[in-house]
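Asker: Sending over entry-v2.txt (compact mmCIF, C-alpha atoms).
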```txt
# COMPACT_ATOMS: atom_id res chain seq x y z
CA MET A 15 100.83 89.12 90.76
CA GLN A 16 104.00 90.12 92.53
CA LYS A 17 105.78 93.48 92.78
CA ARG A 18 109.46 93.37 93.64
CA PHE A 19 111.45 96.36 94.85
CA GLN A 20 115.22 96.07 94.43
CA MET A 21 116.17 98.36 97.27
CA VAL A 22 119.83 98.75 96.28
CA ARG A 23 118.82 99.97 92.84
CA LEU A 24 116.41 102.47 94.32
CA PHE A 25 118.52 103.79 97.20
CA GLY A 26 122.06 102.41 96.98
CA PRO A 27 123.89 100.31 99.59
CA LEU A 28 123.01 102.59 102.52
CA LEU A 29 119.36 103.38 103.23
CA ALA A 30 119.60 106.48 105.39
CA ASP A 31 117.17 109.30 104.77
CA GLY A 32 113.86 108.92 106.61
CA GLN A 33 112.16 111.50 104.38
CA LYS A 34 113.11 109.47 101.32
CA GLY A 35 111.81 106.31 102.97
CA ASN A 36 108.60 108.06 103.88
CA ALA A 37 108.15 109.47 100.37
CA PHE A 38 108.81 106.03 98.85
CA ARG A 39 106.15 104.53 101.13
CA MET A 40 103.54 107.11 100.18
CA SER A 41 104.24 107.43 96.47
CA THR A 42 105.16 103.86 95.56
CA ILE A 43 104.57 101.20 98.20
CA GLU A 44 101.08 102.12 99.34
CA PRO A 45 99.64 102.35 95.82
CA ALA A 46 101.28 99.00 94.97
CA LEU A 47 99.83 97.40 98.08
CA PHE A 48 96.33 97.75 96.67
CA ILE A 49 97.23 96.46 93.20
CA HIS A 50 99.59 93.53 93.76
CA GLU A 51 98.98 90.35 95.69
CA THR A 52 102.51 90.24 97.02
CA ILE A 53 105.07 92.97 97.59
CA VAL A 54 108.67 91.82 97.90
CA PHE A 55 111.44 94.05 99.21
CA ASP A 56 114.72 92.61 97.98
CA PHE A 57 117.63 93.83 100.08
CA SER A 58 120.44 92.09 98.23
CA GLY A 59 123.33 94.56 97.99
CA VAL A 60 122.02 96.71 100.83
CA GLU A 61 124.78 96.95 103.43
CA ASN A 62 123.37 99.25 106.04
CA MET A 63 120.38 101.27 107.11
CA THR A 64 119.43 103.89 109.66
CA ASP A 65 116.50 103.89 112.05
CA SER A 66 115.33 107.06 110.29
CA PHE A 67 114.88 105.23 107.01
CA ALA A 68 113.46 102.07 108.57
CA ASN A 69 110.90 104.03 110.55
CA GLY A 70 110.00 106.44 107.76
CA CYS A 71 109.36 103.57 105.40
CA PHE A 72 108.33 100.49 107.37
CA ALA A 73 107.06 101.71 110.74
CA ASN A 74 104.66 104.10 109.03
CA LEU A 75 103.68 101.42 106.52
CA ILE A 76 102.57 98.87 109.10
CA ARG A 77 101.02 101.56 111.25
CA ASN A 78 98.69 102.42 108.36
CA HIS A 79 98.15 98.95 106.83
CA ARG A 80 98.77 96.34 109.48
CA SER A 81 96.70 93.46 108.15
CA LEU A 82 97.77 93.97 104.53
CA ILE A 83 101.44 93.94 105.50
CA ARG A 84 101.09 90.67 107.37
CA ARG A 85 99.39 89.07 104.37
CA ARG A 86 101.14 90.57 101.37
CA VAL A 87 104.65 91.78 102.20
CA ARG A 88 107.88 89.77 102.20
CA PHE A 89 111.47 90.80 102.86
CA GLU A 90 114.20 88.93 101.02
CA ASN A 91 118.00 88.71 101.12
CA CYS A 92 118.38 90.73 104.31
CA SER A 93 121.64 90.64 106.22
CA ILE A 94 121.23 90.21 109.98
CA LEU A 95 121.79 93.94 110.41
CA VAL A 96 119.22 94.96 107.81
CA ARG A 97 116.71 92.43 109.12
CA ASP A 98 117.03 93.89 112.63
CA PHE A 99 116.43 97.42 111.35
CA VAL A 100 113.33 96.37 109.43
CA ALA A 101 111.95 94.14 112.21
CA SER A 102 112.52 96.85 114.80
CA ALA A 103 110.66 99.39 112.66
CA LEU A 104 107.79 96.94 112.07
CA SER A 105 107.50 96.31 115.80
CA ARG A 106 107.48 100.02 116.52
CA GLY A 107 104.85 100.69 113.85
CA GLU A 108 102.67 97.89 115.18
CA ARG A 109 102.93 99.22 118.74
CA GLU A 110 101.85 102.62 117.45
CA ALA A 111 98.94 101.06 115.54
CA ASN A 112 97.87 99.22 118.71
CA ALA A 113 98.05 102.45 120.66
CA LEU A 114 95.91 104.18 118.05
CA ASP A 115 93.35 101.32 118.25
CA CYS A 116 93.21 101.75 122.01
CA SER A 117 92.67 105.48 121.74
CA ASP A 118 89.97 104.91 119.07
CA ARG A 119 88.23 102.43 121.36
CA ARG A 120 88.41 104.89 124.21
CA GLU A 121 86.85 107.57 122.02
CA VAL A 122 84.06 105.18 120.91
CA GLY A 123 83.49 104.18 124.54
CA ASN A 124 83.18 107.81 125.52
CA MET B 876 133.57 147.48 117.48
CA ASN B 877 136.40 145.20 116.40
CA ARG B 878 137.15 141.99 118.30
CA ALA B 879 140.15 139.71 118.10
CA VAL B 880 139.57 135.99 118.56
CA ILE B 881 142.77 134.09 119.23
CA LEU B 882 142.12 130.44 118.57
CA PRO B 883 143.60 128.12 121.21
CA THR B 884 146.46 125.71 120.59
CA TYR B 885 144.75 122.39 121.30
CA VAL B 886 141.06 121.59 121.32
CA MET B 887 140.10 118.08 122.38
CA ASP B 888 136.54 116.91 123.06
CA PHE B 889 136.37 118.29 126.60
CA ASP B 890 137.78 121.65 125.46
CA LEU B 891 134.91 122.26 123.04
CA PRO B 892 132.71 124.27 125.46
CA LYS B 893 135.62 126.61 126.15
CA LEU B 894 136.28 127.05 122.43
CA LEU B 895 132.61 127.76 121.76
CA ALA B 896 132.51 130.34 124.53
CA SER B 897 135.48 132.12 122.97
CA LEU B 898 133.63 132.21 119.62
CA SER B 899 130.56 133.89 121.07
CA LEU B 900 130.84 137.64 120.45
CA PRO B 901 128.89 140.64 121.73
CA SER B 902 126.18 141.72 119.30
CA ALA B 903 127.83 145.15 118.96
CA THR B 904 130.81 143.52 117.23
CA THR B 905 131.11 144.73 113.65
CA SER B 906 134.39 143.11 112.65
CA VAL B 907 136.41 140.13 113.81
CA ASP B 908 140.08 139.28 113.44
CA ILE B 909 140.37 135.54 113.83
CA ASP B 910 143.91 134.55 114.68
CA PHE B 911 145.18 131.10 113.65
CA GLN B 912 148.76 131.39 114.86
CA ARG B 913 148.58 129.07 117.86
CA ILE B 914 146.58 126.19 116.41
CA LYS B 915 148.29 122.80 116.64
CA TYR B 916 145.62 120.15 117.03
CA TYR B 917 141.82 120.31 116.79
CA VAL B 918 139.32 117.48 116.87
CA PRO B 919 136.97 117.62 113.84
CA ALA B 920 134.15 119.18 115.87
CA ALA B 921 136.44 122.08 116.80
CA VAL B 922 137.25 122.73 113.14
CA VAL B 923 133.60 122.75 112.08
CA ALA B 924 132.64 124.82 115.14
CA VAL B 925 135.04 127.54 114.02
CA MET B 926 133.61 127.35 110.50
CA ALA B 927 130.03 127.61 111.73
CA ALA B 928 130.95 130.59 113.90
CA ILE B 929 132.62 132.36 110.97
CA ARG B 930 129.59 131.71 108.83
CA HIS B 931 127.28 133.04 111.54
CA TRP B 932 129.41 136.19 111.94
CA ARG B 933 129.33 136.80 108.20
CA ASP B 934 125.59 136.12 107.98
CA SER B 935 125.02 138.70 110.70
CA GLY B 936 126.99 141.32 108.75
CA LYS B 937 130.33 141.18 110.52
CA ASP B 938 133.56 141.57 108.59
CA VAL B 939 135.86 138.64 109.23
CA ALA B 940 139.63 138.81 108.70
CA PHE B 941 141.84 135.71 108.88
CA VAL B 942 145.12 136.65 110.52
CA ASN B 943 148.41 134.89 111.18
CA TRP B 944 147.44 131.77 109.29
CA GLU B 945 150.92 131.84 107.72
CA GLU B 946 152.41 131.13 111.16
CA CYS B 947 149.97 128.35 111.98
CA GLU B 948 151.56 124.90 112.38
CA ALA B 949 148.32 123.26 111.30
CA VAL B 950 147.75 125.35 108.20
CA ARG B 951 148.48 122.48 105.81
CA TYR B 952 146.16 120.20 107.68
CA LEU B 953 143.45 122.87 107.55
CA GLN B 954 144.08 123.33 103.84
CA ARG B 955 143.82 119.59 103.23
CA MET B 956 140.55 119.65 105.15
CA ASP B 957 139.40 122.43 102.75
CA PHE B 958 138.83 124.67 105.75
CA PHE B 959 139.87 127.91 104.08
CA SER B 960 138.57 127.17 100.60
CA THR B 961 135.11 126.18 101.94
CA LEU B 962 135.01 129.58 103.64
CA GLY B 963 135.96 131.27 100.39
CA LEU B 964 139.53 132.14 101.32
CA ASP B 965 141.99 131.38 98.57
CA ILE B 966 145.30 130.50 100.23
CA PRO B 967 148.00 129.16 97.92
CA GLU B 968 148.99 125.59 98.69
CA THR B 969 152.72 125.05 98.93
CA PHE B 970 152.48 121.28 99.09
CA GLN B 971 151.38 118.39 96.96
CA ARG B 972 148.00 117.04 97.94
CA HIS B 973 148.07 113.32 98.58
CA ASP B 974 145.60 110.74 99.68
CA SER B 975 144.53 111.32 103.27
CA GLY B 976 145.64 107.76 104.02
CA GLY B 977 142.45 106.74 105.72
CA ASP B 978 142.73 109.45 108.36
CA PHE B 979 140.30 112.13 107.27
CA LEU B 980 138.18 113.50 104.47
CA PRO B 981 137.77 117.15 103.52
CA ILE B 982 135.02 119.02 105.33
CA ARG B 983 131.61 118.95 103.72
CA GLU B 984 129.15 121.77 103.82
CA ILE B 985 125.74 120.35 104.65
CA LYS B 986 123.00 121.86 102.57
CA ALA B 987 119.26 121.51 102.26
CA ARG B 988 118.05 117.94 101.76
CA THR B 989 117.61 118.17 98.01
CA ALA B 990 121.14 119.47 97.50
CA PHE B 991 123.04 117.24 99.87
CA PRO B 992 123.79 113.55 99.32
CA VAL B 993 123.57 112.19 102.88
CA GLU B 994 124.08 108.57 101.86
CA ASP B 995 127.03 109.18 99.53
CA THR B 996 128.74 111.38 102.11
CA ALA B 997 128.25 108.85 104.91
CA VAL B 998 129.53 105.99 102.74
CA GLU B 999 132.54 108.02 101.62
CA PHE B 1000 133.43 109.17 105.16
CA ALA B 1001 133.15 105.63 106.51
CA ARG B 1002 135.16 104.14 103.65
CA CYS B 1003 137.94 106.66 104.17
CA ILE B 1004 138.09 106.51 107.96
CA ALA B 1005 137.69 102.75 108.31
CA PRO B 1006 138.73 101.14 105.04
CA LYS B 1007 139.60 97.78 106.60
CA HIS B 1008 137.30 97.67 109.59
CA ALA B 1009 133.83 96.59 108.44
CA ASP B 1010 132.13 97.06 111.81
CA LEU B 1011 133.53 100.54 112.40
CA LYS B 1012 132.59 101.39 108.83
CA SER B 1013 128.98 100.33 109.47
CA LEU B 1014 128.91 102.25 112.73
CA LEU B 1015 130.26 105.40 111.08
CA GLN B 1016 127.77 105.12 108.23
CA TYR B 1017 124.96 104.92 110.77
CA ALA B 1018 126.20 107.69 113.08
CA THR B 1019 127.21 110.12 110.32
CA SER B 1020 123.89 109.65 108.53
CA GLU B 1021 121.78 110.16 111.64
CA LEU B 1022 123.74 113.24 112.73
CA MET B 1023 123.67 114.80 109.25
CA LEU B 1024 119.95 114.11 108.97
CA ASN B 1025 119.40 115.88 112.29
CA CYS B 1026 121.27 118.88 110.92
CA ILE B 1027 119.16 118.88 107.76
CA GLN B 1028 115.91 118.41 109.62
CA HIS B 1029 116.44 120.85 112.46
CA ALA B 1030 118.76 123.44 110.91
CA ASP B 1031 117.70 123.36 107.25
CA GLY B 1032 121.08 121.91 106.46
CA ASN B 1033 123.12 124.98 107.34
CA GLY B 1034 126.18 123.31 108.73
CA TYR B 1035 129.47 121.52 108.32
CA VAL B 1036 130.59 117.96 108.90
CA ALA B 1037 134.06 116.51 109.32
CA ALA B 1038 135.40 113.11 110.30
CA GLN B 1039 138.82 111.91 111.26
CA TYR B 1040 140.59 108.88 112.64
CA ALA B 1041 143.24 109.71 115.25
CA PRO B 1042 145.72 106.79 115.45
CA LYS B 1043 147.23 108.11 118.69
CA TYR B 1044 143.91 107.69 120.48
CA ASP B 1045 142.56 104.93 118.20
CA MET B 1046 139.49 107.13 117.96
CA ALA B 1047 137.23 107.79 114.97
CA ARG B 1048 135.51 111.12 115.45
CA ILE B 1049 132.66 112.87 113.69
CA GLY B 1050 132.03 116.58 114.19
CA ILE B 1051 128.93 118.45 113.04
CA ALA B 1052 128.18 122.11 113.63
CA ASP B 1053 125.14 123.91 112.34
CA CYS B 1054 123.95 127.49 112.24
CA GLY B 1055 120.33 126.65 113.01
CA ILE B 1056 118.05 127.68 115.84
CA GLY B 1057 119.35 125.21 118.41
CA MET B 1058 117.62 122.37 120.22
CA LEU B 1059 115.49 124.35 122.63
CA GLU B 1060 114.09 126.58 119.90
CA SER B 1061 113.49 123.55 117.69
CA PHE B 1062 111.29 122.03 120.41
CA ARG B 1063 109.52 125.36 120.91
CA VAL B 1064 108.78 126.35 117.31
CA SER B 1065 107.63 122.83 116.40
CA ASN B 1066 104.97 122.99 119.15
CA SER B 1067 106.42 119.75 120.43
CA SER B 1068 104.65 118.10 123.35
CA PHE B 1069 108.12 117.71 124.86
CA TYR B 1070 108.47 121.49 125.14
CA SER B 1071 107.35 123.28 128.28
CA GLU B 1072 107.60 126.83 129.54
CA GLY B 1073 110.76 127.30 131.54
CA MET B 1074 112.61 124.55 129.68
CA THR B 1075 116.32 125.35 129.48
CA ASP B 1076 118.92 124.54 126.83
CA ALA B 1077 120.33 121.88 129.16
CA ASP B 1078 116.83 120.33 129.47
CA ALA B 1079 116.49 120.37 125.67
CA ILE B 1080 119.81 118.55 125.19
CA ARG B 1081 118.88 115.91 127.78
CA LYS B 1082 115.47 115.48 126.17
CA ALA B 1083 116.95 115.09 122.70
CA LEU B 1084 119.18 112.29 124.02
CA ALA B 1085 116.26 110.38 125.51
CA PRO B 1086 114.76 107.55 123.43
CA GLU B 1087 111.76 108.32 121.24
CA VAL B 1088 111.95 112.06 121.79
CA SER B 1089 112.21 114.51 118.92
CA SER B 1090 110.81 117.93 118.22
CA LYS B 1091 109.13 116.43 115.13
CA THR B 1092 107.65 113.15 116.34
CA HIS B 1093 104.16 114.62 116.80
CA LEU B 1094 103.81 115.66 113.16
CA PRO B 1095 101.41 113.44 111.15
CA ASN B 1096 103.19 110.58 109.36
CA SER B 1097 106.55 111.94 110.46
CA PRO B 1098 109.41 109.58 109.65
CA ASN B 1099 111.06 110.75 112.83
CA ARG B 1100 110.87 108.56 115.92
CA GLY B 1101 113.62 110.32 117.85
CA VAL B 1102 115.97 107.37 118.21
CA GLY B 1103 118.96 108.31 116.01
CA LEU B 1104 120.80 110.57 118.45
CA THR B 1105 119.98 108.28 121.37
CA ILE B 1106 121.46 105.29 119.59
CA VAL B 1107 124.57 107.24 118.55
CA ARG B 1108 125.12 108.05 122.22
CA GLN B 1109 124.70 104.41 123.20
CA LEU B 1110 127.16 103.30 120.52
CA MET B 1111 129.64 105.87 121.81
CA GLU B 1112 129.22 104.53 125.36
CA ARG B 1113 129.73 100.93 124.27
CA SER B 1114 132.87 101.80 122.34
CA MET B 1115 134.27 103.84 125.26
CA GLY B 1116 134.27 106.91 123.04
CA ARG B 1117 133.41 110.50 123.82
CA MET B 1118 130.51 112.73 122.96
CA VAL B 1119 129.82 116.44 123.30
CA ILE B 1120 126.69 118.38 122.46
CA ALA B 1121 126.42 122.13 122.82
CA SER B 1122 123.42 124.27 122.04
CA GLY B 1123 122.24 127.70 123.16
CA ARG B 1124 123.50 128.35 126.67
CA SER B 1125 124.43 124.79 127.64
CA TRP B 1126 126.72 121.89 126.85
CA TRP B 1127 126.69 118.17 127.61
CA TYR B 1128 129.70 115.85 127.75
CA GLN B 1129 130.17 112.14 128.24
CA ASP B 1130 133.36 110.11 128.41
CA GLY B 1131 132.72 106.44 127.63
CA SER B 1132 130.26 104.89 130.03
CA ARG B 1133 130.98 107.41 132.77
CA ARG B 1134 128.21 109.60 134.04
CA SER B 1135 127.51 112.50 131.68
CA VAL B 1136 128.17 116.08 132.72
CA VAL B 1137 125.97 119.05 131.84
CA GLY B 1138 127.08 122.63 132.16
CA ASP B 1139 126.06 126.16 131.27
CA PHE B 1140 128.23 128.64 129.46
CA PRO B 1141 129.15 131.80 131.37
CA PRO B 1142 126.46 134.50 131.44
CA ARG B 1143 125.88 136.33 128.13
CA ILE B 1144 127.43 133.47 126.13
CA TYR B 1145 125.00 132.00 123.61
CA ILE B 1146 125.90 129.41 120.96
CA GLN B 1147 124.08 129.79 117.69
CA GLY B 1148 122.89 126.42 116.45
CA THR B 1149 124.10 123.06 117.70
CA LEU B 1150 127.46 121.34 117.85
CA CYS B 1151 127.83 117.60 118.13
CA SER B 1152 131.04 115.63 118.47
CA ALA B 1153 130.91 111.84 118.59
CA GLY B 1154 134.00 109.69 118.97
CA PHE B 1155 134.24 105.92 118.86
CA GLN B 1156 137.14 103.83 120.13
CA ARG B 1157 138.02 101.57 117.23
CA ASP B 1158 139.35 98.57 119.15
CA GLN B 1159 136.10 98.39 121.15
CA ILE B 1160 133.94 97.92 118.07
CA HIS B 1161 133.14 94.34 117.12
CA MET B 1162 130.06 92.92 115.44
CA PHE B 1163 128.10 96.09 114.74
CA TYR B 1164 124.80 94.23 114.49
CA GLU B 1165 125.34 92.77 117.96
CA MET B 1166 126.09 96.24 119.30
CA MET B 1167 122.89 97.53 117.75
CA ARG B 1168 120.90 94.67 119.29
CA GLU B 1169 122.35 95.40 122.72
CA VAL B 1170 121.56 99.08 122.29
CA ARG B 1171 117.97 98.40 121.25
CA ILE B 1172 117.46 96.05 124.19
CA SER B 1173 118.87 98.59 126.62
CA LEU B 1174 116.53 101.25 125.23
CA GLY B 1175 113.51 98.95 125.13
CA LEU B 1176 113.38 99.17 121.32
CA GLN B 1177 114.16 95.56 120.43
CA THR B 1178 111.69 93.67 118.30
CA ASP B 1179 109.87 90.67 119.75
CA ASP B 1180 110.40 89.01 116.34
CA THR B 1181 106.71 88.39 115.67
CA PHE B 1182 107.47 89.23 112.05
CA HIS B 1183 109.92 86.39 111.39
CA ASP B 1184 107.58 84.77 108.85
CA LEU B 1185 107.83 87.87 106.63
CA PHE B 1186 111.57 87.35 106.12
CA THR B 1187 112.83 84.80 103.64
```
Could you take the file, read its structure, and then write that structure out as structure tokens?
Answerer:
Amino acid sequence: MQKRFQMVRLFGPLLADGQKGNAFRMSTIEPALFIHETIVFDFSGVENMTDSFANGCFANLIRNHRSLIRRRVRFENCSILVRDFVASALSRGEREANALDCSDRREVGN
Amino acid sequence: MNRAVILPTYVMDFDLPKLLASLSLPSATTSVDIDFQRIKYYVPAAVVAVMAAIRHWRDSGKDVAFVNWEECEAVRYLQRMDFFSTLGLDIPETFQRHDSGGDFLPIREIKARTAFPVEDTAVEFARCIAPKHADLKSLLQYATSELMLNCIQHADGNGYVAAQYAPKYDMARIGIADCGIGMLESFRVSNSSFYSEGMTDADAIRKALAPEVSSKTHLPNSPNRGVGLTIVRQLMERSMGRMVIASGRSWWYQDGSRRSVVGDFPPRIYIQGTLCSAGFQRDQIHMFYEMMREVRISLGLQTDDTFHDLFT
């Protein structure tokens, strides 16, 4: 079962507000992640993004659900610009998740 | 105590600190006569700085009188920018309004997040300023959004934004002025780990320009990673533009890729809120996505592309 988010319909051609991205992650994406086998973000029609939106939505998403994202999430119809925003946010979120793992391990070790 | 503020004739980017200093009034001031007679040319940040100052004076109970606007050479321009009407002054227009011809859009009052359409405003500004230049349009959408979001996040949206393309300088400029608590206070009241005792306004501006620094990054699940302002600065550098930030007792200025300059206002001068002016040289902007990649690499933010299999 697949869930597809048409980003342009949800947010318009410019995805800017990090708070909106964060709220979308918490209220819509995360619940869907546990119900659907595949989550598809369709970026057709999206022209531009900000780092605020990309981080609020995707960096926090992978930070909290790294393995699920790798297995279940796909990004479609991204322009080069949009792809770079999303990939950069994913990388940042993964670095943060790794850092959290390290600090958890240190706490366990202590 | 009544004070007269005579607005200067020209205010370019590097004149902004001087303008701001002239708008800072002693607390004993009860009424202000703001004189428009000399104004000829202001960059957008200067226009919104004057608006933010007037709003701050009014909010602190001062009576504000607009004088000699009839003699002002730039009065029509200010009217087209909705300068007077946004401040509640009804001045009859003796001209026919026409399309701004891709040069500017009327000033927008930034409000709290729920009441202010960041995306629509950024798209509209960019479309107006750069109708035929896709890469500049993308850059302006990015920069305007990030700067407006900063204003909403750190000043509860109490501010003004303006944008203009100046053909003479081939420069697209964005100006944002807010009436918030300023950068240093924002670090302090947020209990940010980047705040330390003895930190100055100049330190706070420098910190805010550094990558992955924000007064809000430490908050749980914060969407803020503190990269927006840093990237705007890098884009300005790469386009050989100009940028000014002023907050509290200090200002910061950079011309293209030259070394930035930081200064303090004269003693007893304190700027309420934050002013940001960002200008981008149009003919230096090509392939926005390439510019963004270069910026990310230079800041150490570029992805290692381990996620390529997620994109189809």
Asker: What does the structure give for the distance between CA of His1008 in chain B and CA of Ala921 in chain B, in Å to one decimal?
Answerer: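 Rounded to one decimal, the two atoms are 25.5 Å apart.
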Asker: Please measure the separation of CA of Leu891 in chain B and CA of Ala1038 in chain B, giving the value in Å to one decimal.
Answerer: 15.7 Å
Asker: Find the residues in chain B near chain A: any atom within 10 Å counts, using all atoms listed in the file. Write them as a PyMOL selection string.
Answerer: chain B and resi 988+992-995+997-998+1012-1014+1016-1021+1023-1025+1028+1096-1103+1106+1162-1165+1167-1168+1171+1176-1187
Asker: Please indicate the distance in Å from CA of Gln20 in chain A to CA of Thr42 in chain A, rounded to one decimal place.
Answerer: 12.8 Å
Asker: Show me, as a PyMOL selection string, the residues that have an atom within 10 Å of Leu1011 in chain B when counting only C-alpha atoms, minus same-chain residues fewer than 3 positions from it.
Answerer: chain B and resi 1001-1002+1004-1008+1014-1017+1047+1155-1163
Asker: Env of Val950 in chain B: 12 Å cut, atoms = only C-alpha atoms, seq-sep filter 6 positions within chain, self excluded. Answer as a PDB file with C-alpha atoms, in the coordinates of the input.
Answerer:
```pdb
ATOM      1  CA  ASP B 910     143.910 134.550 114.680  1.00  0.00           C
ATOM      2  CA  PHE B 911     145.180 131.100 113.650  1.00  0.00           C
ATOM      3  CA  GLN B 912     148.760 131.390 114.860  1.00  0.00           C
ATOM      4  CA  ARG B 913     148.580 129.070 117.860  1.00  0.00           C
ATOM      5  CA  ILE B 914     146.580 126.190 116.410  1.00  0.00           C
ATOM      6  CA  LYS B 915     148.290 122.800 116.640  1.00  0.00           C
ATOM      7  CA  TYR B 916     145.620 120.150 117.030  1.00  0.00           C
ATOM      8  CA  TYR B 917     141.820 120.310 116.790  1.00  0.00           C
ATOM      9  CA  VAL B 922     137.250 122.730 113.140  1.00  0.00           C
ATOM     10  CA  PHE B 941     141.840 135.710 108.880  1.00  0.00           C
ATOM     11  CA  VAL B 942     145.120 136.650 110.520  1.00  0.00           C
ATOM     12  CA  ASN B 943     148.410 134.890 111.180  1.00  0.00           C
ATOM     13  CA  TRP B 944     147.440 131.770 109.290  1.00  0.00           C
ATOM     14  CA  MET B 956     140.550 119.650 105.150  1.00  0.00           C
ATOM     15  CA  ASP B 957     139.400 122.430 102.750  1.00  0.00           C
ATOM     16  CA  PHE B 958     138.830 124.670 105.750  1.00  0.00           C
ATOM     17  CA  PHE B 959     139.870 127.910 104.080  1.00  0.00           C
ATOM     18  CA  ILE B 966     145.300 130.500 100.230  1.00  0.00           C
ATOM     19  CA  PRO B 967     148.000 129.160  97.920  1.00  0.00           C
ATOM     20  CA  GLU B 968     148.990 125.590  98.690  1.00  0.00           C
ATOM     21  CA  THR B 969     152.720 125.050  98.930  1.00  0.00           C
ATOM     22  CA  PHE B 970     152.480 121.280  99.090  1.00  0.00           C
TER      23      PHE B 970
END
```
Asker: Which residue, B:Ser1135, B:Pro919, B:Ala1077, B:Gln1109, has the smallest gap to Val1170 in chain B when you use all atoms listed in the file?
Answerer: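 With all atoms listed in the file as the atom set, the closest residue is B:Gln1109.
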Asker: Taking only C-alpha atoms into account, name the residue in B:Leu1150, B:Cys947, B:Ala903, B:Ile1056 that is nearest to Leu1022 in chain B.
Answerer: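 Going through B:Leu1150, B:Cys947, B:Ala903, B:Ile1056 one by one, the smallest distance to Leu1022 in chain B is for B:Leu1150.
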Asker: Please determine the residues with any atom at most 6 Å from (119.9, 119.9, 126.5) (coordinates as given in the file, with only C-alpha atoms counting) and report them as JSON, numbers by chain.
Answerer: {"B": [1076, 1077, 1078, 1079, 1080, 1081]}
Asker: Take the residues that were just selected and, keeping C-alpha atoms, output them as a compact mmCIF listing (two decimals), in the frame of the given file.
Answerer:
```txt
# COMPACT_ATOMS: atom_id res chain seq x y z
CA ASP B 1076 118.92 124.54 126.83
CA ALA B 1077 120.33 121.88 129.16
CA ASP B 1078 116.83 120.33 129.47
CA ALA B 1079 116.49 120.37 125.67
CA ILE B 1080 119.81 118.55 125.19
CA ARG B 1081 118.88 115.91 127.78
```
